[in-house]
>>> print(open('data25.txt').read())   # compact mmCIF, C-alpha atoms
# COMPACT_ATOMS: atom_id res chain seq x y z
CA MET A 972 53.02 -7.91 29.07
CA ASN A 973 51.48 -11.29 29.86
CA TYR A 974 48.11 -11.66 31.51
CA PRO A 975 48.14 -14.53 34.05
CA GLY A 976 44.37 -14.45 34.43
CA PRO A 977 41.39 -13.69 32.16
CA PHE A 978 42.15 -11.21 29.40
CA PRO A 979 40.94 -7.68 30.33
CA ASP A 980 37.52 -6.74 29.00
CA ALA A 981 37.98 -4.77 25.76
CA PRO A 982 34.69 -4.37 23.84
CA GLY A 983 34.38 -2.51 20.55
CA ARG A 984 37.92 -3.19 19.34
CA PRO A 985 38.52 -3.52 15.58
CA LEU A 986 39.37 -6.91 14.14
CA SER A 987 42.95 -5.85 13.36
CA TYR A 988 43.52 -5.33 17.08
CA TRP A 989 42.54 -8.91 17.87
CA LEU A 990 44.39 -10.43 14.90
CA ASP A 991 47.68 -8.84 15.90
CA SER A 992 50.14 -11.65 16.61
CA ASP A 993 51.63 -9.78 19.58
CA MET A 994 48.18 -9.50 21.12
CA ALA A 995 47.71 -13.26 20.77
CA ARG A 996 51.07 -13.92 22.45
CA MET A 997 50.14 -11.70 25.41
CA ALA A 998 47.08 -13.79 26.20
CA PRO A 999 47.63 -17.18 27.85
CA GLU A 1000 46.61 -20.32 26.01
CA THR A 1001 43.68 -20.78 28.38
CA THR A 1002 42.14 -17.42 27.44
CA ALA A 1003 38.76 -18.04 25.82
CA SER A 1004 37.52 -15.81 23.01
CA ALA A 1005 35.01 -15.88 20.20
CA LEU A 1006 37.80 -15.89 17.60
CA ARG A 1007 39.54 -18.83 19.27
CA ASP A 1008 36.25 -20.74 19.31
CA MET A 1009 35.87 -20.01 15.59
CA ALA A 1010 39.44 -21.15 14.96
CA TRP A 1011 38.78 -24.43 16.77
CA THR A 1012 35.63 -24.98 14.68
CA PHE A 1013 37.59 -24.04 11.55
CA GLY A 1014 40.26 -26.60 12.39
CA GLN A 1015 37.64 -29.28 13.05
CA TRP A 1016 35.82 -28.76 9.74
CA ARG A 1017 39.02 -28.33 7.77
CA GLY A 1018 40.42 -31.51 9.27
CA PHE A 1019 37.17 -33.33 8.51
CA ALA A 1020 37.33 -32.19 4.89
CA ALA A 1021 41.00 -33.22 4.63
CA ALA A 1022 40.22 -36.65 6.05
CA MET A 1023 37.35 -37.15 3.61
CA ALA A 1024 39.46 -35.98 0.67
CA GLY A 1025 42.38 -38.24 1.50
CA LEU A 1026 40.25 -41.26 2.34
CA GLY A 1027 38.11 -40.67 -0.74
CA THR A 1028 41.22 -40.58 -2.91
CA ALA A 1029 42.43 -43.84 -1.38
CA VAL A 1030 39.06 -45.55 -1.90
CA LEU A 1031 38.78 -44.20 -5.44
CA GLY A 1032 42.28 -45.49 -6.16
CA GLY A 1033 41.23 -48.87 -4.80
CA GLY A 1034 38.31 -48.84 -7.20
CA VAL A 1035 40.57 -48.13 -10.17
CA LEU A 1036 42.88 -50.94 -9.06
CA ALA A 1037 39.90 -53.29 -8.73
CA VAL A 1038 38.81 -52.42 -12.28
CA ALA A 1039 42.27 -53.38 -13.53
CA MET A 1040 42.64 -56.55 -11.45
CA MET A 1041 39.06 -57.81 -11.13
CA PRO A 1042 36.98 -56.49 -14.03
CA ALA A 1043 34.66 -59.48 -13.69
CA VAL A 1044 33.56 -58.34 -10.23
CA PRO A 1045 31.71 -55.11 -11.05
CA GLY A 1046 29.94 -54.96 -7.70
CA LEU A 1047 33.28 -54.44 -5.93
CA TRP A 1048 34.84 -51.77 -8.09
CA ILE A 1049 31.59 -49.89 -8.67
CA SER A 1050 31.06 -49.69 -4.89
CA LEU A 1051 34.61 -48.42 -4.35
CA LEU A 1052 34.40 -45.85 -7.14
CA VAL A 1053 31.04 -44.52 -5.96
CA ALA A 1054 32.14 -44.39 -2.31
CA GLY A 1055 35.39 -42.64 -3.18
CA ALA A 1056 33.65 -40.09 -5.40
CA ALA A 1057 31.06 -39.44 -2.68
CA MET A 1058 33.78 -38.76 -0.10
CA LEU A 1059 35.57 -36.34 -2.42
CA ALA A 1060 32.29 -34.56 -3.12
CA GLY A 1061 31.63 -34.37 0.62
CA ALA A 1062 35.05 -32.78 1.20
CA LEU A 1063 34.32 -30.16 -1.46
CA ILE A 1064 30.91 -29.43 0.06
CA VAL A 1065 32.41 -28.93 3.52
CA ARG A 1066 35.10 -26.59 2.21
CA SER A 1067 32.65 -24.56 0.13
CA THR A 1068 29.77 -24.35 2.63
CA LYS A 1069 31.32 -24.49 6.12
CA LEU A 1070 34.63 -22.65 5.89
CA PRO A 1071 33.44 -19.41 4.23
CA HIS A 1072 30.68 -19.14 6.88
CA ILE A 1073 32.75 -20.35 9.82
CA ALA A 1074 31.70 -17.38 11.95
CA GLN A 1075 28.19 -18.88 12.17
CA ALA A 1076 29.06 -22.56 11.80
CA ALA A 1077 28.61 -25.07 14.58
CA PRO A 1078 31.44 -27.57 15.19
CA PRO A 1079 31.07 -31.17 14.01
CA GLN A 1080 28.84 -33.27 16.24
CA THR A 1081 31.61 -35.60 17.33
CA SER A 1082 35.38 -35.49 17.05
CA ARG A 1083 37.99 -37.80 18.52
CA ALA A 1084 40.85 -36.41 16.47
CA PRO A 1085 44.05 -35.85 18.46
CA GLY A 1086 45.10 -32.25 18.99
CA LYS A 1087 48.73 -32.68 17.93
CA THR A 1088 50.26 -33.91 14.68
CA SER A 1089 52.66 -36.18 16.55
CA SER A 1090 49.73 -37.94 18.23
CA GLY A 1091 48.03 -38.36 14.86
CA VAL A 1092 51.20 -39.87 13.40
CA GLY A 1093 51.46 -42.25 16.34
CA LEU A 1094 47.89 -43.45 15.87
CA ALA A 1095 48.38 -43.79 12.11
CA VAL A 1096 51.49 -45.91 12.60
CA LEU A 1097 49.71 -48.08 15.17
CA ILE A 1098 46.75 -48.73 12.86
CA PHE A 1099 48.98 -49.23 9.84
CA VAL A 1100 50.98 -51.89 11.66
CA ALA A 1101 48.05 -53.54 13.45
CA VAL A 1102 45.77 -53.73 10.39
CA GLY A 1103 48.23 -53.42 7.53
CA GLY A 1104 50.49 -56.16 8.85
CA PRO A 1105 47.89 -58.96 8.70
CA MET A 1106 46.61 -57.57 5.40
CA ALA A 1107 50.12 -57.67 3.95
CA LEU A 1108 50.51 -61.28 5.07
CA ALA A 1109 47.20 -62.19 3.44
CA LEU A 1110 48.24 -60.58 0.15
CA SER A 1111 51.92 -61.58 0.23
CA SER A 1112 51.36 -64.26 -2.41
CA TRP A 1113 50.90 -61.45 -4.96
CA LEU A 1114 54.64 -60.75 -4.73
CA SER A 1115 55.44 -64.10 -6.35
CA GLN A 1116 52.81 -63.92 -9.10
CA GLY A 1117 54.61 -61.63 -11.49
CA PRO A 1118 55.15 -57.89 -11.98
CA GLY A 1119 51.46 -56.99 -12.21
CA PRO A 1120 50.34 -58.46 -8.87
CA ALA A 1121 53.56 -57.28 -7.20
CA VAL A 1122 52.92 -53.70 -8.32
CA SER A 1123 49.32 -54.05 -7.14
CA PHE A 1124 50.57 -55.12 -3.72
CA VAL A 1125 52.66 -51.96 -3.46
CA VAL A 1126 49.73 -49.81 -4.65
CA VAL A 1127 47.41 -51.34 -2.05
CA ALA A 1128 49.97 -50.64 0.68
CA LEU A 1129 50.35 -47.01 -0.43
CA LEU A 1130 46.59 -46.48 -0.66
CA PHE A 1131 46.12 -47.94 2.81
CA LEU A 1132 48.87 -45.67 4.12
CA LEU A 1133 47.20 -42.66 2.47
CA GLY A 1134 43.82 -43.54 3.97
CA THR A 1135 45.24 -44.08 7.44
CA ALA A 1136 47.23 -40.84 7.37
CA SER A 1137 44.20 -38.95 6.10
CA VAL A 1138 42.02 -40.13 8.96
CA PHE A 1139 44.50 -39.54 11.79
CA VAL A 1140 47.32 -37.20 10.72
CA ALA A 1141 45.47 -34.64 8.59
CA PRO A 1142 42.80 -33.72 11.21
CA ALA A 1143 45.42 -33.56 13.97
CA TYR A 1144 47.56 -31.19 11.88
CA CYS A 1145 44.58 -28.96 11.09
CA ILE A 1146 43.58 -28.77 14.76
CA GLN A 1147 47.11 -28.11 16.01
CA HIS A 1148 47.57 -25.20 13.56
CA ALA A 1149 43.96 -23.99 13.61
CA ARG A 1150 44.67 -20.48 14.91
CA ARG A 1151 47.52 -19.83 12.48
CA ASP A 1152 45.60 -21.15 9.50
CA PHE A 1153 42.39 -19.38 10.52
CA ARG A 1154 44.26 -16.07 10.62
CA SER A 1155 45.61 -16.77 7.12
CA TYR A 1156 42.14 -17.78 5.88
CA ILE A 1157 40.65 -14.53 7.18
CA GLU A 1158 43.25 -12.55 5.24
CA LYS A 1159 42.45 -14.45 2.03
CA THR A 1160 38.64 -14.27 2.39
CA PRO A 1161 37.39 -10.65 2.13
CA ALA A 1162 33.74 -11.53 2.82
CA LEU A 1163 34.62 -13.36 6.04
CA ARG A 1164 36.93 -10.57 7.14
CA GLN A 1165 34.17 -8.01 6.57
CA GLU A 1166 31.74 -10.12 8.61
CA LEU A 1167 34.23 -10.48 11.45
CA GLU A 1168 34.99 -6.74 11.37
CA ALA A 1169 31.32 -5.99 12.00
CA MET A 1170 31.06 -8.65 14.71
CA SER A 1171 34.16 -7.34 16.45
CA LEU A 1172 32.84 -3.79 16.73
CA ASP A 1173 29.37 -4.87 17.89
CA TRP A 1174 30.52 -7.74 20.13
CA GLN A 1175 28.60 -8.07 23.37
CA ASN A 1176 30.41 -10.10 26.00
CA PRO A 1177 27.91 -12.89 26.81
CA SER A 1178 29.54 -14.17 30.00
CA GLY A 1179 31.55 -11.26 31.31
CA THR A 1180 34.82 -13.18 30.85
CA ARG A 1181 35.10 -13.64 27.10
CA ASN A 1182 36.14 -11.00 24.55
CA PHE A 1183 35.81 -11.25 20.79
CA GLY A 1184 39.55 -11.89 20.66
CA PRO A 1185 42.42 -12.46 20.78
CA LEU A 1186 43.07 -15.12 18.19
>>> encode(input="data25.txt", output="structure tokens")
Amino acid sequence: MNYPGPFPDAPGRPLSYWLDSDMARMAPETTASALRDMAWTFGQWRGFAAAMAGLGTAVLGGGVLAVAMMPAVPGLWISLLVAGAAMLAGALIVRSTKLPHIAQAAPPQTSRAPGKTSSGVGLAVLIFVAVGGPMALALSSWLSQGPGPAVSFVVVALLFLLGTASVFVAPAYCIQHARRDFRSYIEKTPALRQELEAMSLDWQNPSGTRNFGPL
């Protein structure tokens, strides 16, 4: 049975009732619930962590490349290495502090990430062409300077592609699949599941139109 309007009020249901995939399919996409809000926040933070991890890896790789190519310019490669390491540390902090406590976490302050992976890919391709094209022209002389610079050119292109995909594609993917991945995360995180079980049974509908679930 599909519900064309707001999902019927159903307080005091156990978490398993709301996590049932058939229950989620019965509710229209526009149905608001506490679990769907948590899933959206989960997708936002997970996407943010993925973007920081990917971009941090790209920047860290750029620092290693700078050490190899320009060891006499320590200011450049030290800055890249520190920035990359800081981004990776930030991704680990988000995953270890926000995701396990997602039931109480607030969403990121701002987010302009697209909601579909295809949109993220489109933006990544646009930026890669618009920014990477002129950058490739500026560095094209490396291709004629021997194997070392030519390999460096390819590495720079791959690192730029990784950074661009991390910023646009990874968050979009996490947001698009937030409900599915949140359900899986609940199953793998006993402490979070226990917290949500208690919240589900004690849930008080704050607006009269929003249940604890479905997810």
>>> residues_around(input="data25.txt", residues="stretch 1085-1101 of chain A", least_positions_apart="4", cutoff="7 Å", atoms="only C-alpha atoms", output="MDAnalysis selection string")
chainID A and resid 1132 1135:1136 1139:1140 1143:1144 1146:1147
>>> atom_distance(input="data25.txt", atom1="atom CA of A:Ala995", atom2="atom CA of A:Lys1069")
24.7 Å
>>> residues_around(input="data25.txt", residues="A:Ile1073", least_positions_apart="3", cutoff="8 Å", atoms="all atoms listed in the file", output="compact mmCIF listing (two decimals) with C-alpha atoms, in the frame of the given file")
# COMPACT_ATOMS: atom_id res chain seq x y z
CA MET A 1009 35.87 -20.01 15.59
CA THR A 1012 35.63 -24.98 14.68
CA PHE A 1013 37.59 -24.04 11.55
CA LYS A 1069 31.32 -24.49 6.12
CA LEU A 1070 34.63 -22.65 5.89
CA ALA A 1076 29.06 -22.56 11.80
CA ALA A 1077 28.61 -25.07 14.58
>>> atom_distance(input="data25.txt", atom1="atom CA of A:Gly1014", atom2="atom CA of A:Leu1051")
28.1 Å
>>> residues_around(input="data25.txt", residues="A:Trp1113", least_positions_apart="3", cutoff="12 Å", atoms="all atoms listed in the file", output="PyMOL selection string")
chain A and resi 1040+1106-1110+1116-1127
>>> axis_aligned_box(input="data25.txt", around="stretch 1076-1079 of chain A", padding_each_side="5 Å", output="lines of an AutoDock Vina configuration file")
center_x = 30.0
center_y = -26.9
center_z = 13.5
size_x = 12.8
size_y = 18.6
size_z = 13.4
>>> atom_distance(input="data25.txt", atom1="atom CA of A:Pro1079", atom2="atom CA of A:Ser1137")
17.2 Å
>>> residues_near_point(input="data25.txt", point="(35.1, -46.7, -7.5)", cutoff="10 Å", atoms="only C-alpha atoms", output="PyMOL selection string")
chain A and resi 1027-1038+1045-1057
>>> closest_residue(input="data25.txt", among="A:Gly1104, A:Pro985, A:Gly1025, A:Pro1071", to="A:Ala1162", atoms="only C-alpha atoms")
A:Pro1071
>>> residues_around(input="data25.txt", residues="A:Asp993", least_positions_apart="3", cutoff="12 Å", atoms="all atoms listed in the file", output="compact mmCIF listing (two decimals) with C-alpha atoms, keeping the file's coordinate frame")
# COMPACT_ATOMS: atom_id res chain seq x y z
CA MET A 972 53.02 -7.91 29.07
CA ASN A 973 51.48 -11.29 29.86
CA SER A 987 42.95 -5.85 13.36
CA TYR A 988 43.52 -5.33 17.08
CA TRP A 989 42.54 -8.91 17.87
CA LEU A 990 44.39 -10.43 14.90
CA ARG A 996 51.07 -13.92 22.45
CA MET A 997 50.14 -11.70 25.41
CA ALA A 998 47.08 -13.79 26.20
CA PRO A 999 47.63 -17.18 27.85
CA PRO A 1185 42.42 -12.46 20.78
CA LEU A 1186 43.07 -15.12 18.19
>>> closest_residue(input="data25.txt", among="A:Leu1026, A:Ala1074, A:Leu1167, A:Met1041", to="A:Ala1062", atoms="all atoms listed in the file")
A:Leu1026
>>> closest_residue(input="data25.txt", among="A:Gln1075, A:Gln1015, A:Glu1168, A:Leu1163", to="A:Phe1183", atoms="only C-alpha atoms")
A:Glu1168
